[in-house]
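entry_15.txt, holding compact mmCIF, C-alpha atoms:
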# COMPACT_ATOMS: atom_id res chain seq x y z
CA MET R 76 134.39 69.13 136.31
CA TYR R 77 131.00 70.55 135.35
CA GLU R 78 129.74 69.70 131.86
CA SER R 79 126.43 70.75 130.37
CA THR R 80 124.05 67.86 129.68
CA GLY R 81 122.00 69.88 127.18
CA PRO R 82 122.44 69.84 123.39
CA GLN R 83 125.68 71.41 122.22
CA ARG R 84 126.47 72.83 118.80
CA ASP R 85 129.41 71.55 116.80
CA ALA R 86 132.44 73.78 116.30
CA ALA R 87 131.45 75.02 112.81
CA SER R 88 127.92 75.93 113.94
CA THR R 89 129.33 77.74 116.96
CA ILE R 90 131.66 79.83 114.80
CA PHE R 91 128.94 80.60 112.24
CA ASN R 92 126.67 81.52 115.18
CA LEU R 93 123.27 81.80 113.51
CA PRO R 94 120.65 80.99 116.20
CA ASN R 95 118.63 77.80 115.60
CA TYR R 96 120.76 76.81 112.61
CA ARG R 97 123.56 74.30 112.24
CA VAL R 98 126.30 74.02 109.62
CA VAL R 99 125.89 70.80 107.63
CA ASP R 100 128.64 71.38 105.05
CA ALA R 101 131.38 73.83 104.12
CA ILE R 102 133.47 73.83 100.95
CA ASP R 103 136.10 75.97 99.23
CA LEU R 104 135.00 77.43 95.90
CA SER R 105 137.14 77.61 92.78
CA ASP R 106 137.21 81.42 92.92
CA GLY R 107 138.77 81.38 96.37
CA GLY R 108 135.55 81.95 98.26
CA ARG R 109 133.71 79.64 100.64
CA GLN R 110 130.28 78.11 100.68
CA VAL R 111 128.51 77.19 103.91
CA VAL R 112 125.41 75.00 103.87
CA ILE R 113 123.10 75.47 106.84
CA ALA R 114 119.90 73.80 108.06
CA SER R 115 117.33 74.79 110.63
CA SER R 116 117.69 72.86 113.87
CA VAL R 117 114.15 73.53 115.12
CA PRO R 118 111.12 71.77 113.54
CA PRO R 119 108.61 74.47 112.54
CA GLY R 120 104.94 74.77 113.33
CA CYS R 121 102.31 74.78 110.61
CA PRO R 122 101.51 78.43 109.72
CA SER R 123 97.79 77.56 109.62
CA CYS R 124 97.20 75.43 112.72
CA GLY R 125 100.47 75.73 114.65
CA VAL R 126 101.01 71.97 115.04
CA ILE R 127 104.73 71.09 115.12
CA ALA R 128 105.80 69.25 111.97
CA THR R 129 107.63 65.93 112.25
CA LYS R 130 107.73 64.59 108.67
CA VAL R 131 109.72 66.12 105.80
CA HIS R 132 108.06 66.32 102.39
CA SER R 133 111.01 67.52 100.26
CA ARG R 134 114.11 69.70 100.25
CA ARG R 135 115.62 72.46 98.15
CA SER R 136 118.65 74.73 98.31
CA GLN R 137 118.14 78.48 98.72
CA GLN R 138 120.99 80.97 98.69
CA VAL R 139 120.60 83.72 101.30
CA ARG R 140 122.63 86.83 102.09
CA ASP R 141 124.43 86.98 105.39
CA VAL R 142 127.14 88.96 107.15
CA PRO R 143 130.79 88.11 106.43
CA VAL R 144 132.19 85.44 108.74
CA ALA R 145 136.01 85.59 108.60
CA GLY R 146 135.58 86.92 105.08
CA THR R 147 132.89 86.71 102.42
CA VAL R 148 130.79 83.55 102.62
CA GLN R 149 128.20 82.17 100.22
CA VAL R 150 125.41 80.85 102.45
CA VAL R 151 123.07 78.12 101.18
CA TRP R 152 120.06 77.12 103.24
CA ALA R 153 119.05 73.45 102.94
CA LYS R 154 115.39 74.36 103.19
CA ARG R 155 112.74 71.73 103.92
CA ARG R 156 109.11 71.40 102.98
CA TRP R 157 107.11 69.74 105.74
CA PHE R 158 103.89 67.75 105.98
CA CYS R 159 101.17 69.02 108.30
CA LEU R 160 99.76 65.84 109.85
CA GLU R 161 96.86 67.55 111.61
CA PRO R 162 93.69 66.00 110.09
CA ALA R 163 91.58 69.11 110.74
CA CYS R 164 94.06 71.43 108.98
CA ALA R 165 93.44 72.30 105.35
CA ARG R 166 97.14 72.96 104.71
CA ARG R 167 98.89 69.74 103.77
CA THR R 168 102.45 70.93 103.24
CA PHE R 169 104.44 74.12 103.88
CA TRP R 170 107.96 75.48 103.52
CA GLU R 171 109.75 76.23 106.75
CA ALA R 172 110.44 79.82 107.84
CA THR R 173 112.40 80.96 110.88
CA ASP R 174 113.03 84.10 112.91
CA GLN R 175 116.45 84.41 111.25
CA VAL R 176 115.11 83.89 107.70
CA PRO R 177 111.43 84.95 107.64
CA ARG R 178 109.01 83.89 104.94
CA TYR R 179 109.85 85.33 101.50
CA ALA R 180 113.16 86.74 102.83
CA ARG R 181 116.32 86.52 100.73
CA SER R 182 118.70 87.24 103.58
CA THR R 183 119.11 86.50 107.25
CA THR R 184 118.16 89.20 109.73
CA ARG R 185 121.83 89.85 110.52
CA PRO R 186 122.61 92.01 107.45
CA ARG R 187 119.49 94.10 108.10
CA ASP R 188 120.47 94.64 111.73
CA GLN R 189 123.98 95.58 110.61
CA VAL R 190 122.93 98.17 108.01
CA VAL R 191 120.37 99.72 110.39
CA SER R 192 123.06 100.05 113.06
CA ALA R 193 125.47 101.57 110.51
CA VAL R 194 122.95 104.27 109.55
CA ILE R 195 121.32 105.02 112.91
CA THR R 196 124.22 104.51 115.31
CA SER R 197 127.14 105.57 113.10
CA GLY R 198 125.25 108.23 111.15
CA ARG R 199 126.42 106.97 107.74
CA ALA R 200 124.46 107.67 104.55
CA ALA R 201 122.15 104.90 103.33
CA SER R 202 123.81 104.88 99.88
CA GLU R 203 127.29 104.52 101.40
CA VAL R 204 126.13 101.70 103.70
CA ALA R 205 124.51 99.90 100.77
CA GLN R 206 127.73 100.06 98.75
CA ALA R 207 129.89 98.94 101.69
CA HIS R 208 127.66 95.90 102.39
CA GLY R 209 127.10 94.96 98.76
CA VAL R 210 123.31 95.41 98.87
CA SER R 211 120.85 97.71 97.15
CA TRP R 212 119.79 101.11 98.46
CA TRP R 213 116.22 99.80 98.51
CA LEU R 214 117.16 97.01 100.93
CA VAL R 215 118.78 99.51 103.30
CA GLN R 216 115.79 101.83 103.06
CA ALA R 217 113.35 98.96 103.69
CA ALA R 218 115.34 97.89 106.75
CA LEU R 219 115.30 101.46 108.09
CA ALA R 220 111.55 101.75 107.50
CA ALA R 221 110.93 98.51 109.38
CA ALA R 222 113.17 99.67 112.24
CA ALA R 223 111.33 103.01 112.43
CA VAL R 224 108.01 101.21 112.87
CA ALA R 225 109.49 99.22 115.75
CA LEU R 226 110.76 102.32 117.57
CA PRO R 227 108.96 103.22 120.80
CA ALA R 228 106.37 105.99 120.86
CA VAL R 229 107.85 109.47 121.32
CA ASP R 230 106.05 110.05 124.61
CA GLU R 231 107.64 106.88 126.01
CA VAL R 232 111.21 108.02 125.24
CA PRO R 233 112.89 109.73 128.24
CA VAL R 234 114.58 112.58 126.35
CA THR R 235 116.99 114.78 128.30
CA ARG R 236 118.91 116.27 125.36
CA LEU R 237 116.81 117.52 122.47
CA GLY R 238 118.22 118.51 119.09
CA ILE R 239 116.31 120.86 116.74
CA ASP R 240 117.55 121.62 113.25
CA GLU R 241 115.97 122.75 110.00
CA HIS R 242 117.02 122.01 106.44
CA ARG R 243 115.74 122.48 102.91
CA TYR R 244 114.83 119.06 101.57
CA ARG R 245 114.71 120.04 97.89
CA SER R 246 115.52 122.95 95.60
CA VAL R 247 113.68 126.26 95.58
CA ARG R 248 110.46 126.23 93.57
CA TRP R 249 108.56 129.07 91.90
CA PHE R 250 104.81 129.07 91.37
CA ARG R 251 102.30 131.50 89.92
CA THR R 252 99.64 132.95 92.23
CA ASP R 253 96.00 133.53 91.28
CA ASP R 254 96.75 137.14 90.34
CA GLY R 255 99.50 136.05 87.93
CA ALA R 256 102.49 137.01 90.09
CA TRP R 257 105.42 134.65 90.69
CA ARG R 258 106.17 133.58 94.28
CA ARG R 259 109.25 131.87 95.61
CA PHE R 260 108.76 128.72 97.71
CA GLU R 261 111.51 127.16 99.83
CA PRO R 262 110.55 123.68 101.09
CA TRP R 263 111.92 123.65 104.63
CA MET R 264 111.31 121.16 107.40
CA THR R 265 112.50 120.89 110.99
CA THR R 266 113.70 117.66 112.58
CA LEU R 267 113.68 116.94 116.32
CA VAL R 268 116.01 114.22 117.59
CA ASP R 269 117.13 112.62 120.83
CA LEU R 270 120.79 113.65 121.01
CA THR R 271 121.62 110.78 123.37
CA THR R 272 120.57 108.00 120.99
CA GLY R 273 120.22 109.78 117.65
CA GLN R 274 116.60 108.67 117.34
CA VAL R 275 114.38 110.91 115.23
CA LEU R 276 111.46 112.04 117.38
CA GLY R 277 109.50 114.11 114.92
CA ILE R 278 109.57 116.07 111.64
CA VAL R 279 107.46 119.19 111.15
CA ASP R 280 106.91 121.52 108.21
CA GLY R 281 108.64 124.89 108.11
CA ARG R 282 111.53 126.38 110.00
CA ASP R 283 109.86 128.66 112.56
CA SER R 284 108.72 128.22 116.12
CA THR R 285 105.05 127.69 115.25
CA ALA R 286 105.34 124.10 114.07
CA VAL R 287 107.96 123.23 116.70
CA GLY R 288 105.80 124.80 119.43
CA THR R 289 102.79 122.79 118.30
CA TRP R 290 104.83 119.58 118.37
CA LEU R 291 106.16 120.34 121.87
CA ALA R 292 102.68 121.24 123.09
CA GLN R 293 101.54 117.76 122.14
CA ARG R 294 104.02 116.25 124.59
CA SER R 295 103.13 115.94 128.27
CA GLU R 296 104.38 118.46 130.82
CA CYS R 297 106.44 115.71 132.47
CA TRP R 298 108.09 114.93 129.12
CA ARG R 299 109.02 118.58 128.54
CA GLU R 300 110.32 119.13 132.08
CA ARG R 301 112.69 116.18 131.69
CA ILE R 302 114.64 118.01 128.95
CA GLU R 303 117.88 119.48 130.29
CA VAL R 304 119.64 120.67 127.11
CA VAL R 305 118.37 121.81 123.70
CA ALA R 306 120.84 122.05 120.81
CA ILE R 307 119.72 124.46 118.06
CA ASP R 308 121.12 126.52 115.22
CA PRO R 309 122.35 129.87 116.66
CA GLU R 310 120.81 131.73 113.73
CA TYR R 311 117.31 130.64 114.73
CA SER R 312 117.63 130.49 118.51
CA PRO R 313 115.71 133.80 118.94
CA ARG R 314 112.67 132.19 117.28
CA TRP R 315 112.69 129.20 119.59
CA GLY R 316 113.98 130.92 122.71
CA PRO R 317 110.57 131.32 124.40
CA LEU R 318 109.78 127.66 123.80
CA ILE R 319 113.07 126.55 125.34
CA GLU R 320 112.68 128.84 128.34
CA GLY R 321 109.20 127.44 128.88
CA SER R 322 110.57 123.90 129.06
CA GLY R 323 113.21 124.81 131.62
CA ALA R 324 116.03 123.52 129.42
CA THR R 325 119.38 125.13 128.67
CA SER R 326 120.02 126.24 125.08
CA LEU R 327 123.18 124.87 123.48
CA PRO R 328 123.78 126.59 120.10

As structure tokens, please, write out the structure in this file.
Amino acid sequence: MYESTGPQRDAASTIFNLPNYRVVDAIDLSDGGRQVVIASSVPPGCPSCGVIATKVHSRRSQQVRDVPVAGTVQVVWAKRRWFCLEPACARRTFWEATDQVPRYARSTTRPRDQVVSAVITSGRAASEVAQAHGVSWWLVQAALAAAAVALPAVDEVPVTRLGIDEHRYRSVRWFRTDDGAWRRFEPWMTTLVDLTTGQVLGIVDGRDSTAVGTWLAQRSECWRERIEVVAIDPEYSPRWGPLIEGSGATSLP
């Protein structure tokens, strides 16, 4: 029978399944909940010189947010402060940080990945996702902003189904012109998305074909020719019709 000769995680660490962490303790709380104590299983490198640390300076407990594992779990990280033994390095000690719990983070990366997926993939509102996961709206918004930065450049996305829709992002405003007359202003913007993945490709001011045409003109001819279907609001399809015909795509109101 074949058996792996490499290091194997214990059963609790396997169930908890946080990469490069192991479960060192688990207890039942008086309120019916559970507490899981975890520790990093990989010695970190000094953030200044990169030398791998081998000697522990001190320890402290840090509570971090995480996804539910068979129910709500209170996760405590047995965090270590390490010595840097490199003589040429000015940093003598440092607290460990990992890919799963980056420096200054108060949660693992798993909740952030989960709320981003809930908003982008499932199309749920950020406020509803925040309430469902027991986190603040600001945390969800910060996770979405970080995910948006990591998205590939628009010209590198092979879009075959393009969605174009306009909406008013705030209430109607009135302002006075130089001649003293009042003028109505409706703050409209148009969003372009990849209908296959739901990724936002671009946002332009206004609701007419001028801004959309400028945005499309900035894409390469190969990018535009790849589009097979464009989904738009029927009310405004006459405005964008020439643009769609120029791309060779089929309009889908």

Task: Exercise: R:Arg109 partners within 8 Å, all atoms listed in the file, chain neighbours under 6 positions left out, as a list in words - done: Ala101, Ile102, Asp103, Thr147, Val148 and Gln149 of chain R

TODO: Identify the residues around (121.3, 76.1, 97.2) within a radius of 10 Å, measuring from only C-alpha atoms in the coordinates stated by the file, and give them as a VMD selection string.
DONE: chain R and resid 110 to 113 135 to 139 149 to 154

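Of the residues under consideration (R:Gly277, R:Lys130, R:Val194, R:Gly108), R:Gly277 shows the shortest atom-to-atom contact distance to R:Met264 when counting all atoms listed in the file.
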
Open item on the list: Just to confirm, what's the straight-line distance from atom CA of R:Arg301 to atom CA of R:Gly281 in Å (one decimal)?
Closed with: 25.5 Å

- [ ] Could you please determine the separation between atom CA of R:His242 and atom CA of R:Leu291 in Å, to one decimal place?
- [x]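 A separation of 18.9 Å between them.
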
Task: Top pick for closest residue to R:Ala207, considering R:Leu270, R:Ser284, R:Val279, R:Pro143 and counting all atoms listed in the file - done: R:Pro143

Open item on the list: For a test of reading the model, state the distance in Å between atom CA of R:Glu303 and atom CA of R:Arg236, rounded to one decimal.
Closed with: 6.0 Å

- [ ] Choose the residue, out of R:Val275, R:Phe91, R:Arg282, R:Thr289, that has the smallest atom-to-atom separation from R:Ala145; count all atoms listed in the file.
- [x]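 Comparing R:Val275, R:Phe91, R:Arg282, R:Thr289 against R:Ala145, the winner is R:Phe91.
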
Please return as a PDB file with C-alpha atoms, in the frame of the given file every residue within 12 Å of (110.2, 114.8, 115.8), taking into account only C-alpha atoms and the file's own coordinates.
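point_24.pdb, freshly written:
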ATOM      1  CA  ALA R 228     106.370 105.990 120.860  1.00  0.00           C
ATOM      2  CA  VAL R 229     107.850 109.470 121.320  1.00  0.00           C
ATOM      3  CA  ASP R 230     106.050 110.050 124.610  1.00  0.00           C
ATOM      4  CA  VAL R 232     111.210 108.020 125.240  1.00  0.00           C
ATOM      5  CA  VAL R 234     114.580 112.580 126.350  1.00  0.00           C
ATOM      6  CA  LEU R 237     116.810 117.520 122.470  1.00  0.00           C
ATOM      7  CA  GLY R 238     118.220 118.510 119.090  1.00  0.00           C
ATOM      8  CA  ILE R 239     116.310 120.860 116.740  1.00  0.00           C
ATOM      9  CA  ASP R 240     117.550 121.620 113.250  1.00  0.00           C
ATOM     10  CA  GLU R 241     115.970 122.750 110.000  1.00  0.00           C
ATOM     11  CA  MET R 264     111.310 121.160 107.400  1.00  0.00           C
ATOM     12  CA  THR R 265     112.500 120.890 110.990  1.00  0.00           C
ATOM     13  CA  THR R 266     113.700 117.660 112.580  1.00  0.00           C
ATOM     14  CA  LEU R 267     113.680 116.940 116.320  1.00  0.00           C
ATOM     15  CA  VAL R 268     116.010 114.220 117.590  1.00  0.00           C
ATOM     16  CA  ASP R 269     117.130 112.620 120.830  1.00  0.00           C
ATOM     17  CA  LEU R 270     120.790 113.650 121.010  1.00  0.00           C
ATOM     18  CA  GLY R 273     120.220 109.780 117.650  1.00  0.00           C
ATOM     19  CA  GLN R 274     116.600 108.670 117.340  1.00  0.00           C
ATOM     20  CA  VAL R 275     114.380 110.910 115.230  1.00  0.00           C
ATOM     21  CA  LEU R 276     111.460 112.040 117.380  1.00  0.00           C
ATOM     22  CA  GLY R 277     109.500 114.110 114.920  1.00  0.00           C
ATOM     23  CA  ILE R 278     109.570 116.070 111.640  1.00  0.00           C
ATOM     24  CA  VAL R 279     107.460 119.190 111.150  1.00  0.00           C
ATOM     25  CA  ASP R 280     106.910 121.520 108.210  1.00  0.00           C
ATOM     26  CA  ALA R 286     105.340 124.100 114.070  1.00  0.00           C
ATOM     27  CA  VAL R 287     107.960 123.230 116.700  1.00  0.00           C
ATOM     28  CA  GLY R 288     105.800 124.800 119.430  1.00  0.00           C
ATOM     29  CA  THR R 289     102.790 122.790 118.300  1.00  0.00           C
ATOM     30  CA  TRP R 290     104.830 119.580 118.370  1.00  0.00           C
ATOM     31  CA  LEU R 291     106.160 120.340 121.870  1.00  0.00           C
ATOM     32  CA  GLN R 293     101.540 117.760 122.140  1.00  0.00           C
ATOM     33  CA  ARG R 294     104.020 116.250 124.590  1.00  0.00           C
TER      34      ARG R 294
END

Task: Contacts of stretch 82-86 of chain R at 10 Å (all atoms listed in the file; same-chain gap of 5+ positions) as an MDAnalysis selection string - done: chainID R and resid 91:92 95:99

Task: R:Ile195, R:Val190, R:Val304, R:Ala200 ranked by distance to R:Ala217, top pick (using all atoms listed in the file) - done: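 Result for the nearest residue to R:Ala217: R:Val190.
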
Task: Residue nearest R:Ser192 - candidates R:Ala256, R:Cys159, R:Ala114, R:Val204, atoms counted: all atoms listed in the file - done: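 With all atoms listed in the file as the atom set, the closest residue is R:Val204.
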
Shell of 12 Å around R:His208, all atoms listed in the file, local chain residues under 2 positions omitted, as a JSON list (two decimals) with C-alpha atoms, in the frame of the given file:
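Output file around-v2.json is given in full below:
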[["chain", "number", "residue", "atom", "x", "y", "z"],
["R", 140, "ARG", "CA", 122.63, 86.83, 102.09],
["R", 141, "ASP", "CA", 124.43, 86.98, 105.39],
["R", 142, "VAL", "CA", 127.14, 88.96, 107.15],
["R", 143, "PRO", "CA", 130.79, 88.11, 106.43],
["R", 147, "THR", "CA", 132.89, 86.71, 102.42],
["R", 185, "ARG", "CA", 121.83, 89.85, 110.52],
["R", 186, "PRO", "CA", 122.61, 92.01, 107.45],
["R", 187, "ARG", "CA", 119.49, 94.10, 108.10],
["R", 188, "ASP", "CA", 120.47, 94.64, 111.73],
["R", 189, "GLN", "CA", 123.98, 95.58, 110.61],
["R", 190, "VAL", "CA", 122.93, 98.17, 108.01],
["R", 191, "VAL", "CA", 120.37, 99.72, 110.39],
["R", 193, "ALA", "CA", 125.47, 101.57, 110.51],
["R", 194, "VAL", "CA", 122.95, 104.27, 109.55],
["R", 201, "ALA", "CA", 122.15, 104.90, 103.33],
["R", 202, "SER", "CA", 123.81, 104.88, 99.88],
["R", 203, "GLU", "CA", 127.29, 104.52, 101.40],
["R", 204, "VAL", "CA", 126.13, 101.70, 103.70],
["R", 205, "ALA", "CA", 124.51, 99.90, 100.77],
["R", 206, "GLN", "CA", 127.73, 100.06, 98.75],
["R", 210, "VAL", "CA", 123.31, 95.41, 98.87],
["R", 211, "SER", "CA", 120.85, 97.71, 97.15],
["R", 212, "TRP", "CA", 119.79, 101.11, 98.46],
["R", 214, "LEU", "CA", 117.16, 97.01, 100.93],
["R", 215, "VAL", "CA", 118.78, 99.51, 103.30]]

Open item on the list: Env of stretch 167-178 of chain R: 8 Å cut, atoms = all atoms listed in the file, seq-sep filter 2 positions within chain, self excluded. Answer as an MDAnalysis selection string.
Closed with: chainID R and resid 93:94 115 119 121:122 132 154:160 164:165 180:185

File dump, residues just selected, C-alpha atoms, as a short mmCIF file (atom, residue, chain, number, x, y, z; two decimals), in the frame of the given file:
data_model
loop_
_atom_site.label_atom_id
_atom_site.label_comp_id
_atom_site.auth_asym_id
_atom_site.auth_seq_id
_atom_site.Cartn_x
_atom_site.Cartn_y
_atom_site.Cartn_z
CA LEU R 93 123.27 81.80 113.51
CA PRO R 94 120.65 80.99 116.20
CA SER R 115 117.33 74.79 110.63
CA PRO R 119 108.61 74.47 112.54
CA CYS R 121 102.31 74.78 110.61
CA PRO R 122 101.51 78.43 109.72
CA HIS R 132 108.06 66.32 102.39
CA LYS R 154 115.39 74.36 103.19
CA ARG R 155 112.74 71.73 103.92
CA ARG R 156 109.11 71.40 102.98
CA TRP R 157 107.11 69.74 105.74
CA PHE R 158 103.89 67.75 105.98
CA CYS R 159 101.17 69.02 108.30
CA LEU R 160 99.76 65.84 109.85
CA CYS R 164 94.06 71.43 108.98
CA ALA R 165 93.44 72.30 105.35
CA ALA R 180 113.16 86.74 102.83
CA ARG R 181 116.32 86.52 100.73
CA SER R 182 118.70 87.24 103.58
CA THR R 183 119.11 86.50 107.25
CA THR R 184 118.16 89.20 109.73
CA ARG R 185 121.83 89.85 110.52
#
